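Below: the structure, in structure tokens.
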Amino acid sequence: MNFKNIFRSKSAQIISATLLLSSFSCTDLNEEVRDEVLGGQAPSMESTLVAAYDRIGDATFTDHTGMISMQEYASDMALVPTRGSDWGDGGKWREMHEFTWTPSSLILTDQWNRLTNGISRSLTAIQTITNSDGDKKALYLAEAQGLYAFYMFHTFDLYNQAPYRDPLDINAPVTAKQAPEGIDELITLVESLIPNLATLGDQSTHTGRFTKEAAYALLADMYLNRAVFKDRFNATSDFKFTEASLTGGETDMDRVIYYTSLLINGGKFQLASNYFSNFDITNSGAPEHVFVVVQKVDAFRAGDNDLGYVNQERNQRPSPANRGTNAACMTTEFFHSWDGNHDDPRFSRKYQYPDGTWFMNDGTDTSVPATDVVAGTTQPWFHFNRGILYGQQYGPKLNDKGGFIMDGARISVLPLVMEKNTNTPMNFTPDLAFDNPMASVLTSNQLNQGARFFKFEFNPAGVSGPDNGVSGVDIPLYRLGGIYTMRAEAYFRKGQVTEALADINILRTSRTREALYANAPGQAIASLDADILLRELGFELYWEMKRRPQLVRFGKLDLPNTAKPATGPSRRAFPIPQSTIDVNKQFQQNSGY
């Protein structure tokens with residue numbers, strides 16, 4: 001069974017839609033599969049496993065109300081300020097960055113529901129596969145158990161607790177597993193699965209399946225964070241990273257190095273010289289991708305474009321029918337962490353059209369060719385540059401008929417203004433200046449503030465025409481660049497600074513700039529300390545939903561930054577939603593809430 005294409009078949013759509021419409025309860029893990037919709041047929045191994053996979057891509061790791069909010073907005077990297085009349089929404093975006101969330105906050109409640117629903121679907125798949133027969137039983141069971149561990153790990157990471165019920169005992173009660181003990185159970189489980197998992201590419205597997213390689217990445221991640229899970233709330237962020245692992249004679253960091261080295265040295269993955277190719281519309285099967293959210297633009301579920309369009313301004317239009325939404329931006333601190341490194345190939349990359357035209361975005365452009373069109377339409381496709389955008393922005397404007405203003409057969413490039421206040425130039429100012437420094441609220445003449453992440457390519461193609469909310473970009477959950485950062489951090493925490501620096505410099509020098517800059521490679525650095533290492537992790541993994549755990553490990557999450565005050569250790573985990581506490585007494589609220 002090729003799970004990349006299972007959603008394309010009509011029968012699979014019926015089964016999957018039924019599971020999605022079933023009655024799930026994130027608090028009691030009950031799942032009712034409506035046999036009458038299925039024509040009386042019991043769920044199959046494949047259908048329940050597909051439903052478990054589907055939860056990853058159904059907003060959990062794709063929508064900015066999901067892991068983007070939890071891991072990026074609740075960090076020193078990004079935020080969604082209230083912009084005049086936009087993005088107020090009862091304060092739900094501000095509280096994520098200002099660390100004022102409560103057990104009733106909508107974003108953290110919704111993400112809890114998604115992750116625990118993923119746990120529930122995985123347990124249902126484990127139960128169904130265990131009670132089924134077939135040639136693929138051992139493989140499918142290992143994948144279902146791997147997905148269970150994946151959802152549990154992320155629930156532990158965010159909430160310090162997660163629900164569990166024995167899938168093979170219909171009378172088993174729900175229990176609340178705690179991260180300090182639960183992380184060891186997950187590591188033991190995933191290590192036991194490896195013999196039954198497929199090697200990537202075998203048995204029709206691909207990067208969207210939980211393979212041996214995905215297991216290695218998850219195990220490295222779990223070992224890297226195990227010390228935090230064991231003692232998350234200690235006052236000084238003194239985490240015992242080199243304590244004994246679950247493997248005799250080794251430490252946690254030894255195991256991180258072991259599993260990351262299997263991926264780095266295994267020959268299946270290669271670092272991309274064009275860093276941004278990892279996040280292109282055409283990135284399916286990219287050479288760095290270990291485990292991804294597979295996205296397609298089709299009638300079943302068009303993929304989510306949030307990682308692209310929430311950063312673009314409303315007057316930044318890849319096509320006449322498409323635009324951004326002026327939501328997310330970068331913090332002042334994260335922007336300035338790049339000072340002296342703007343020539344790093346990961347900072348920005350200019351787009352070159354097929355006729356050789358470079359979009360410079362500096363006022364020297366007058367037009368670009370209109371030869372590129374949005375797939376399935378005749379609409380011209382304007383390509384913005386990639387990476388971190390700041391300063392005055394340029395691009396196409398609409399004429400009075402709703403098309404691009406043209407210069408003959410070419411798209412005119414003009415200085416842009418803010419859509420909600422046309423008297424304000426679209427000058428993305430890296431230094432955010434709120435009237436109240438601790439309240440991320442911008443007035444109508446401040447809508448331009450904040451540098452922007454243009455890392456994931458904006459996909460303007462919809463199912464029946466352009467739609468700024470859809471995308472076919474596969475979203476990496478683990479990729480080779482991130483694997484190198486994990487190994488570098490493990491070496492560093494073991495005191496092997498030379499080895500850590502070597503890994504960081506491999507990342508730096510393997511990336512090259514565009515031909516406009518003679519394909520120049522990135523520059524190596526000469527030394528490494530904890531602050532430089534954290535900076536380098538940000539350079540490699542920005543806007544990939546990894547930042548908050550990095551800050552916890554480095555003891556930086558509690559510190560103040562743009563519109564965020566100093567906070568206490570309790571904010572290193574989110575509260576259990578009040579709606580869960582109200583109906584399930586197995587859960588005790590996390591300390592500090």
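In the structure tokens, each chain is lettered A, B, ... as it comes, each chain's residues begin at 1, and ligands are numbered from 1 in order of appearance.
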
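Within range 415-498 of chain A, DSSP run on the backbone puts these residues in alpha helix (DSSP H): Leu480, Gly481, Gly482, Ile483, Tyr484, Thr485, Met486, Arg487, Ala488, Glu489, Ala490, Tyr491, Phe492, Arg493, Val497 and Thr498 of chain A.
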
Please write the residues from the selection above to a file, keeping N, CA, C and O atoms, as a short mmCIF file (atom, residue, chain, number, x, y, z; two decimals), in the first residue's frame.
```
data_model
loop_
_atom_site.label_atom_id
_atom_site.label_comp_id
_atom_site.auth_asym_id
_atom_site.auth_seq_id
_atom_site.Cartn_x
_atom_site.Cartn_y
_atom_site.Cartn_z
N LEU A 480 17.84 16.44 6.95
CA LEU A 480 19.24 16.22 7.26
C LEU A 480 19.90 17.42 7.93
O LEU A 480 20.73 17.26 8.83
N GLY A 481 19.55 18.64 7.51
CA GLY A 481 20.13 19.81 8.16
C GLY A 481 19.85 19.82 9.65
O GLY A 481 20.73 20.11 10.47
N GLY A 482 18.62 19.49 10.03
CA GLY A 482 18.27 19.42 11.44
C GLY A 482 18.97 18.27 12.15
O GLY A 482 19.29 18.38 13.35
N ILE A 483 19.21 17.18 11.45
CA ILE A 483 19.94 16.06 12.04
C ILE A 483 21.36 16.49 12.40
O ILE A 483 21.89 16.15 13.47
N TYR A 484 22.00 17.25 11.51
CA TYR A 484 23.34 17.78 11.83
C TYR A 484 23.30 18.68 13.06
O TYR A 484 24.22 18.64 13.90
N THR A 485 22.26 19.50 13.19
CA THR A 485 22.21 20.38 14.37
C THR A 485 22.07 19.57 15.65
O THR A 485 22.65 19.92 16.68
N MET A 486 21.30 18.47 15.61
CA MET A 486 21.16 17.64 16.80
C MET A 486 22.50 17.01 17.18
O MET A 486 22.86 16.96 18.35
N ARG A 487 23.23 16.53 16.17
CA ARG A 487 24.52 15.92 16.48
C ARG A 487 25.50 16.95 17.00
O ARG A 487 26.25 16.69 17.96
N ALA A 488 25.49 18.15 16.41
CA ALA A 488 26.39 19.20 16.88
C ALA A 488 26.09 19.55 18.33
O ALA A 488 27.01 19.72 19.14
N GLU A 489 24.81 19.66 18.67
CA GLU A 489 24.45 19.99 20.05
C GLU A 489 24.87 18.87 21.00
O GLU A 489 25.36 19.14 22.11
N ALA A 490 24.70 17.63 20.58
CA ALA A 490 25.10 16.51 21.44
C ALA A 490 26.61 16.50 21.66
O ALA A 490 27.09 16.30 22.78
N TYR A 491 27.37 16.71 20.58
CA TYR A 491 28.83 16.81 20.75
C TYR A 491 29.18 17.94 21.72
O TYR A 491 30.03 17.78 22.62
N PHE A 492 28.54 19.08 21.54
CA PHE A 492 28.85 20.24 22.39
C PHE A 492 28.57 19.94 23.86
O PHE A 492 29.38 20.27 24.73
N ARG A 493 27.44 19.29 24.12
CA ARG A 493 27.07 19.02 25.52
C ARG A 493 27.97 17.94 26.13
O ARG A 493 28.07 17.82 27.35
N VAL A 497 33.81 20.05 21.56
CA VAL A 497 33.50 21.28 20.85
C VAL A 497 34.05 21.25 19.42
O VAL A 497 33.43 21.77 18.49
N THR A 498 35.20 20.63 19.22
CA THR A 498 35.78 20.55 17.88
C THR A 498 34.84 19.82 16.93
O THR A 498 34.62 20.26 15.79
#
```

Report the closest atom pair, with its distance in Å rounded to one decimal, for each residue of range 436-487 of chain A that has an atom no farther than 10 Å from range 42-60 of chain A; count only C-alpha atoms, sort by chain and then rising residue number, and write it as a tab-separated table.
```
residue	atom	partner	partner_atom	distance
A:Asp474	CA	A:Gly57	CA	9.7
A:Ile475	CA	A:Gly57	CA	8.9
A:Leu477	CA	A:Ile56	CA	9.9
```

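Closest to Thr509 in chain A among A:Val583, A:Ala573, A:Leu271, A:Leu416 is A:Leu271, based on only C-alpha atoms.
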
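The spacing separating CA of Tyr159 in chain A from CA of Gln178 in chain A amounts to 9.4 Å.
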
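Contact shell of Thr188 in chain A at 9 Å (only C-alpha atoms; same-chain neighbours under 5 positions omitted): Ile183, Leu193 and Leu246 of chain A.
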
Coordinates-based distance that separates CA of Arg83 in chain A from CA of His342 in chain A (Å, one decimal): 27.6 Å

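Minimum atom-to-atom distances from A:Asp169, A:Ala433, A:Arg209, A:Pro318 to Tyr140 in chain A were compared using only C-alpha atoms, and the lowest value belongs to A:Arg209.
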
Find the residue from A:Thr260, A:Asn448, A:Asn361, A:Thr424 that sits nearest to Leu219 in chain A; use only C-alpha atoms when measuring. A:Thr260

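Excluding Gly356 in chain A itself and same-chain residues fewer than 6 positions from it, the residues having an atom within 12 Å of it are A:Lys350, A:Val368, A:Pro369, A:Ala515, A:Leu516, counting only C-alpha atoms.
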
Best match for closeness to Phe587 in chain A among A:Ser75, A:Ser192, A:Gln111, A:Asn160, counting only C-alpha atoms: A:Asn160
